[in-house]
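I have placed the structure first, in the form of structure tokens, so that the comments after it can refer back to it.
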Amino acid sequence: MAQSAQFTKQKELFGHPVGLYILFFTEMWERFSYYGMRALLVLYMTASTIQGTDARGTGLGWTDQEALALYGWYTMLVYVASIPGGMIADKLIGQKKAVLLGAVILCIGHGVLVLTDVWAFYTGLGLVIAGVGLLKPNISTMVGGLYREGDIRRDKGFSIFYIGINTGSLIATLVIGFVVAEYGWHAGFGLAGIAMVLGLIVYLYGQKYLKNVGSLLKAESKEDEISYGKLYGELFRSPMQLAVTGILIILSIVGWYFMDWGFGLLFLFITAIAALMMMIYKDLPSRIFKDRFMVLLLSFIMTIIFWGAFEQAGGLMNLYTDSKTDRMLFGWEVPTVMFQSLNAGFIIIFATIVANYWAKRKLKGKEASSILKMAMGIIIMGFGFLFMVFAVMEFEKSGTSSMLWLVFAYLFHTIGELCISPVTLSFITKLAPVKYASLLMGVYFAATGLGNKVAGLIGESASEFGEYSVFLGILIFTSAIGIVFILALKPLKRLTHGAEDNEREILEQEDYELANPKINN
């Protein structure tokens, strides 16, 4: 079991454990490397292969549809890899070592991407996928392990951590655009690698502040020990779960035949995870844990939908910005990549404001449950696409569109993101059974990855249905989903069995055992 160990007393800074800031800066540099490369990816793939046609150098010469397809697969696999990453941490090496191993693999992956050969491009992407899969779910679980159960500061801690994520994104999208314009695509990839090395150095330096979190703990009994093989073995003695799995396998084979092998493998992977989730549900010892587990899985539906819409930023909206937006500002053309820094900049400005707003509502006894925050986040983000609808209307009328539409779209996307993403990370650490914590964090990031793949498919559909229809469709669908979850708020809250009812501010970290199975099995 990879969970938090026995706490004595943690050194604090600005009202939070110092370990939070170590994880903050580690994640900041990791996200610099990821978002910096993500901002270049589609543009690099669609750049011409003919020398001299693009000042940034030669690209791969792919069509927009081909680039968006790979972008969808890559951004999905980056997060889907969080499931095996969580399993490895829970079962074999613990969260702390999983983060370290992931950081090392990421350094190697970004280093390979500096090379100009096509094999290096695919190999580098593969290494980045593996590295993020190990690092991402486990560093987030470690943040939750810094706080005692019932400490209202946990949500604020995740918001601070989220600022770290987006500080890295902001710096990357501001700096890498200039580097690529001056020195070319592969210099941008190299800069991402340097950032990851800095993140690794910070993490190694801060180990003394992370002694009480992320270690691999021995199960107190055989009941506490995780055996995924045993869970899958029990599947064959569970008729209902086996029947559902069989149906999903048949559907996966159909998908393989009518779509392609990539989708077939994806559907089979989803089937395997669905079977594991059903067996974990059956394995849980009480109705309270089963109900909370179901609420978590339902919240992952919102995650898929949210990121399926939000991740148009790196795909369809990125291409729209590059080709159909008037980017001239006081005689200077703003690089396309820099527009993605708007999201990160807005997060740094609004993260603590949004977190404090919800915390004050909670302390005043008003409705501020995580489920409400997530539902509102989807609706607010969806309304950001209203401005993209206006942008398309202006382009169809005049042949160009104002960059202000993008600014407003990213602003609404950011407020929505702040209501759902850090909140969901915190929600998982509150409701997840301790022995499955890293796995469920991995499932959350896998849901994020599926949302990224959905985003790629939606972006591809623009070539057939047009940008206006795509943006308007996203607006309507996300608003409808958010409203459905708000209407279902009371029964969903009942299923959490008061997990968020007694939250308060705990200023001093007392002795406690976060991984006590009697508290949260």
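For the structure tokens, the naming scheme is as follows: chains receive sequential letters (A, B, ...) according to their order of presentation, residues are indexed from 1 within each chain, and ligands are indexed from 1 in presentation order.
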Practice task
Using only C-alpha atoms, determine which residues lie at most 12 Å from A:Asn343, disregarding the query and same-chain residues fewer than 3 positions distant; provide the list as JSON, numbers by chain.
Solution key: {"A": [35, 163, 165, 166, 167, 168, 169, 170, 171, 173, 174, 310, 311, 313, 314, 337, 338, 339, 340, 346, 347, 348, 349, 350, 351, 381, 384, 406, 407, 408, 409, 410, 411, 412, 413, 414, 415, 416, 417, 418]}
Handout entry: Selection near A:Met328, 10 Å with only C-alpha atoms, sequence-local residues under 4 positions removed, as a VMD selection string
Key = chain A and resid 332 to 335 402 to 403
Export, as a PDB file, in the first residue's frame, the selected residues with all heavy atoms.
```
ATOM      1  N   TRP A 332       2.616  44.479 -33.705  1.00  0.00           N
ATOM      2  CA  TRP A 332       3.376  43.245 -33.474  1.00  0.00           C
ATOM      3  C   TRP A 332       2.424  42.066 -33.541  1.00  0.00           C
ATOM      4  O   TRP A 332       1.338  42.103 -32.939  1.00  0.00           O
ATOM      5  CB  TRP A 332       4.050  43.308 -32.116  1.00  0.00           C
ATOM      6  CG  TRP A 332       4.738  42.022 -31.693  1.00  0.00           C
ATOM      7  CD1 TRP A 332       5.786  41.423 -32.292  1.00  0.00           C
ATOM      8  CD2 TRP A 332       4.391  41.199 -30.573  1.00  0.00           C
ATOM      9  NE1 TRP A 332       6.134  40.274 -31.626  1.00  0.00           N
ATOM     10  CE2 TRP A 332       5.299  40.116 -30.555  1.00  0.00           C
ATOM     11  CE3 TRP A 332       3.420  41.286 -29.571  1.00  0.00           C
ATOM     12  CZ2 TRP A 332       5.247  39.119 -29.591  1.00  0.00           C
ATOM     13  CZ3 TRP A 332       3.367  40.298 -28.608  1.00  0.00           C
ATOM     14  CH2 TRP A 332       4.282  39.229 -28.633  1.00  0.00           C
ATOM     15  N   GLU A 333       2.817  41.015 -34.276  1.00  0.00           N
ATOM     16  CA  GLU A 333       1.965  39.838 -34.377  1.00  0.00           C
ATOM     17  C   GLU A 333       2.246  38.903 -33.206  1.00  0.00           C
ATOM     18  O   GLU A 333       3.350  38.385 -33.055  1.00  0.00           O
ATOM     19  CB  GLU A 333       2.188  39.103 -35.700  1.00  0.00           C
ATOM     20  CG  GLU A 333       1.198  37.959 -35.895  1.00  0.00           C
ATOM     21  CD  GLU A 333       1.339  37.304 -37.270  1.00  0.00           C
ATOM     22  OE1 GLU A 333       2.486  36.985 -37.656  1.00  0.00           O
ATOM     23  OE2 GLU A 333       0.320  37.112 -37.945  1.00  0.00           O
ATOM     24  N   VAL A 334       1.225  38.682 -32.389  1.00  0.00           N
ATOM     25  CA  VAL A 334       1.366  37.816 -31.222  1.00  0.00           C
ATOM     26  C   VAL A 334       1.512  36.364 -31.687  1.00  0.00           C
ATOM     27  O   VAL A 334       0.678  35.874 -32.447  1.00  0.00           O
ATOM     28  CB  VAL A 334       0.133  37.937 -30.295  1.00  0.00           C
ATOM     29  CG1 VAL A 334       0.309  37.047 -29.065  1.00  0.00           C
ATOM     30  CG2 VAL A 334      -0.092  39.386 -29.896  1.00  0.00           C
ATOM     31  N   PRO A 335       2.554  35.648 -31.248  1.00  0.00           N
ATOM     32  CA  PRO A 335       2.699  34.234 -31.636  1.00  0.00           C
ATOM     33  C   PRO A 335       1.486  33.407 -31.191  1.00  0.00           C
ATOM     34  O   PRO A 335       0.944  33.629 -30.105  1.00  0.00           O
ATOM     35  CB  PRO A 335       3.974  33.796 -30.901  1.00  0.00           C
ATOM     36  CG  PRO A 335       4.738  35.046 -30.653  1.00  0.00           C
ATOM     37  CD  PRO A 335       3.698  36.107 -30.437  1.00  0.00           C
ATOM     38  N   SER A 402     -11.553  39.055 -34.047  1.00  0.00           N
ATOM     39  CA  SER A 402     -10.778  39.745 -33.020  1.00  0.00           C
ATOM     40  C   SER A 402     -10.216  38.754 -32.002  1.00  0.00           C
ATOM     41  O   SER A 402     -10.857  37.764 -31.642  1.00  0.00           O
ATOM     42  CB  SER A 402     -11.669  40.756 -32.289  1.00  0.00           C
ATOM     43  OG  SER A 402     -11.017  41.277 -31.145  1.00  0.00           O
ATOM     44  N   MET A 403      -9.019  39.056 -31.519  1.00  0.00           N
ATOM     45  CA  MET A 403      -8.415  38.208 -30.485  1.00  0.00           C
ATOM     46  C   MET A 403      -9.152  38.348 -29.150  1.00  0.00           C
ATOM     47  O   MET A 403      -8.987  37.504 -28.261  1.00  0.00           O
ATOM     48  CB  MET A 403      -6.937  38.562 -30.313  1.00  0.00           C
ATOM     49  CG  MET A 403      -6.670  39.927 -29.711  1.00  0.00           C
ATOM     50  SD  MET A 403      -4.901  40.224 -29.449  1.00  0.00           S
ATOM     51  CE  MET A 403      -4.331  40.493 -31.125  1.00  0.00           C
TER      52      MET A 403
END
```
Handout entry: Test item, strand (DSSP E or B) assignment across stretch 5-210 of chain A, answer as a PyMOL selection string
Key = chain A and resi 6-7+12-13+16-17+151
Problem - Separation of atom CA of A:Leu457 from atom CA of A:Met45 in Å - result: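 Going from atom CA of A:Met45 over to atom CA of A:Leu457, I get 16.9 Å.
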Exercise for the section: Could you please write out, as a PyMOL selection string, every residue of stretch 196-354 of chain A that DSSP assigns to helix (DSSP H, G or I)? Expected result: chain A and resi 196-209+222-224+228-235+239-258+261-283+287-313+316-324+336-354
Exercise for the section: Identify, on the basis of only C-alpha atoms, every residue whose closest approach to A:Glu27 does not exceed 12 Å; exclude the query and any residue fewer than 3 positions from it along the same chain; express the result as a ChimeraX atom specification. Expected result: /A:20-24,30-35,99-100,102-103,132,135-140,142-143,158,160-169,195-203
Given the selection you just returned, output its residues as a file containing C-alpha atoms, formatted as a PDB file, in the first residue's frame.
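Wrote it out as out.pdb, contents follow:
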```
ATOM      1  CA  LEU A  20       3.299  21.344  -0.478  1.00  0.00           C
ATOM      2  CA  TYR A  21       5.717  23.882  -1.957  1.00  0.00           C
ATOM      3  CA  ILE A  22       8.250  21.172  -2.872  1.00  0.00           C
ATOM      4  CA  LEU A  23       5.517  19.367  -4.791  1.00  0.00           C
ATOM      5  CA  PHE A  24       4.365  22.753  -6.156  1.00  0.00           C
ATOM      6  CA  GLU A  30       7.017  19.189 -15.086  1.00  0.00           C
ATOM      7  CA  ARG A  31       4.018  21.101 -16.421  1.00  0.00           C
ATOM      8  CA  PHE A  32       6.377  23.602 -18.087  1.00  0.00           C
ATOM      9  CA  SER A  33       7.842  20.697 -20.015  1.00  0.00           C
ATOM     10  CA  TYR A  34       4.464  19.153 -20.845  1.00  0.00           C
ATOM     11  CA  TYR A  35       2.507  22.266 -21.822  1.00  0.00           C
ATOM     12  CA  VAL A  99       7.275  10.333  -8.913  1.00  0.00           C
ATOM     13  CA  LEU A 100      11.085  10.114  -8.939  1.00  0.00           C
ATOM     14  CA  GLY A 102       8.580   9.303 -13.714  1.00  0.00           C
ATOM     15  CA  ALA A 103      10.675  12.487 -13.544  1.00  0.00           C
ATOM     16  CA  VAL A 132       3.722  11.413 -16.896  1.00  0.00           C
ATOM     17  CA  LEU A 135       4.445  11.129 -11.932  1.00  0.00           C
ATOM     18  CA  LYS A 136       1.047  12.737 -12.399  1.00  0.00           C
ATOM     19  CA  PRO A 137      -1.354  10.631 -10.276  1.00  0.00           C
ATOM     20  CA  ASN A 138       1.137  10.005  -7.494  1.00  0.00           C
ATOM     21  CA  ILE A 139       2.299  13.575  -6.916  1.00  0.00           C
ATOM     22  CA  SER A 140      -1.370  14.632  -6.667  1.00  0.00           C
ATOM     23  CA  MET A 142       0.917  13.029  -2.100  1.00  0.00           C
ATOM     24  CA  VAL A 143      -0.559  16.534  -1.871  1.00  0.00           C
ATOM     25  CA  PHE A 158      -4.819  21.754  -4.036  1.00  0.00           C
ATOM     26  CA  ILE A 160      -2.078  26.351  -4.481  1.00  0.00           C
ATOM     27  CA  PHE A 161      -0.707  23.201  -6.094  1.00  0.00           C
ATOM     28  CA  TYR A 162      -2.830  23.999  -9.143  1.00  0.00           C
ATOM     29  CA  ILE A 163      -1.220  27.435  -9.333  1.00  0.00           C
ATOM     30  CA  GLY A 164       2.106  25.613  -9.610  1.00  0.00           C
ATOM     31  CA  ILE A 165       0.788  23.588 -12.537  1.00  0.00           C
ATOM     32  CA  ASN A 166      -0.317  26.693 -14.346  1.00  0.00           C
ATOM     33  CA  THR A 167       2.704  28.804 -13.473  1.00  0.00           C
ATOM     34  CA  GLY A 168       4.687  26.219 -15.386  1.00  0.00           C
ATOM     35  CA  SER A 169       2.203  26.361 -18.232  1.00  0.00           C
ATOM     36  CA  ALA A 195      12.639  22.454 -17.310  1.00  0.00           C
ATOM     37  CA  MET A 196      12.048  18.819 -16.367  1.00  0.00           C
ATOM     38  CA  VAL A 197      15.622  18.507 -15.101  1.00  0.00           C
ATOM     39  CA  LEU A 198      14.974  21.511 -12.834  1.00  0.00           C
ATOM     40  CA  GLY A 199      11.840  19.793 -11.532  1.00  0.00           C
ATOM     41  CA  LEU A 200      13.828  16.652 -10.727  1.00  0.00           C
ATOM     42  CA  ILE A 201      16.436  18.687  -8.834  1.00  0.00           C
ATOM     43  CA  VAL A 202      13.740  20.398  -6.738  1.00  0.00           C
ATOM     44  CA  TYR A 203      12.125  17.072  -5.900  1.00  0.00           C
TER      45      TYR A 203
END
```
Exercise for the section: Within 8 Å of stretch 286-296 of chain A, counting only C-alpha atoms, which residues show up once you throw out same-chain ones fewer than 6 positions away? Write them as number ranges by chain, please. Expected result: A: 428, 431-433, 492, 495-497, 521
Handout entry: A:Gly382, A:Lys96, A:Thr336, A:Val454 ranked by distance to A:Leu319, top pick (using only C-alpha atoms)
Key = A:Thr336
Practice task
Please provide as a count of residues only all residues within 9 Å of A:Thr141, with the sequence filter that same-chain residues fewer than 6 positions apart are discarded (counting only C-alpha atoms).
Solution key: 10
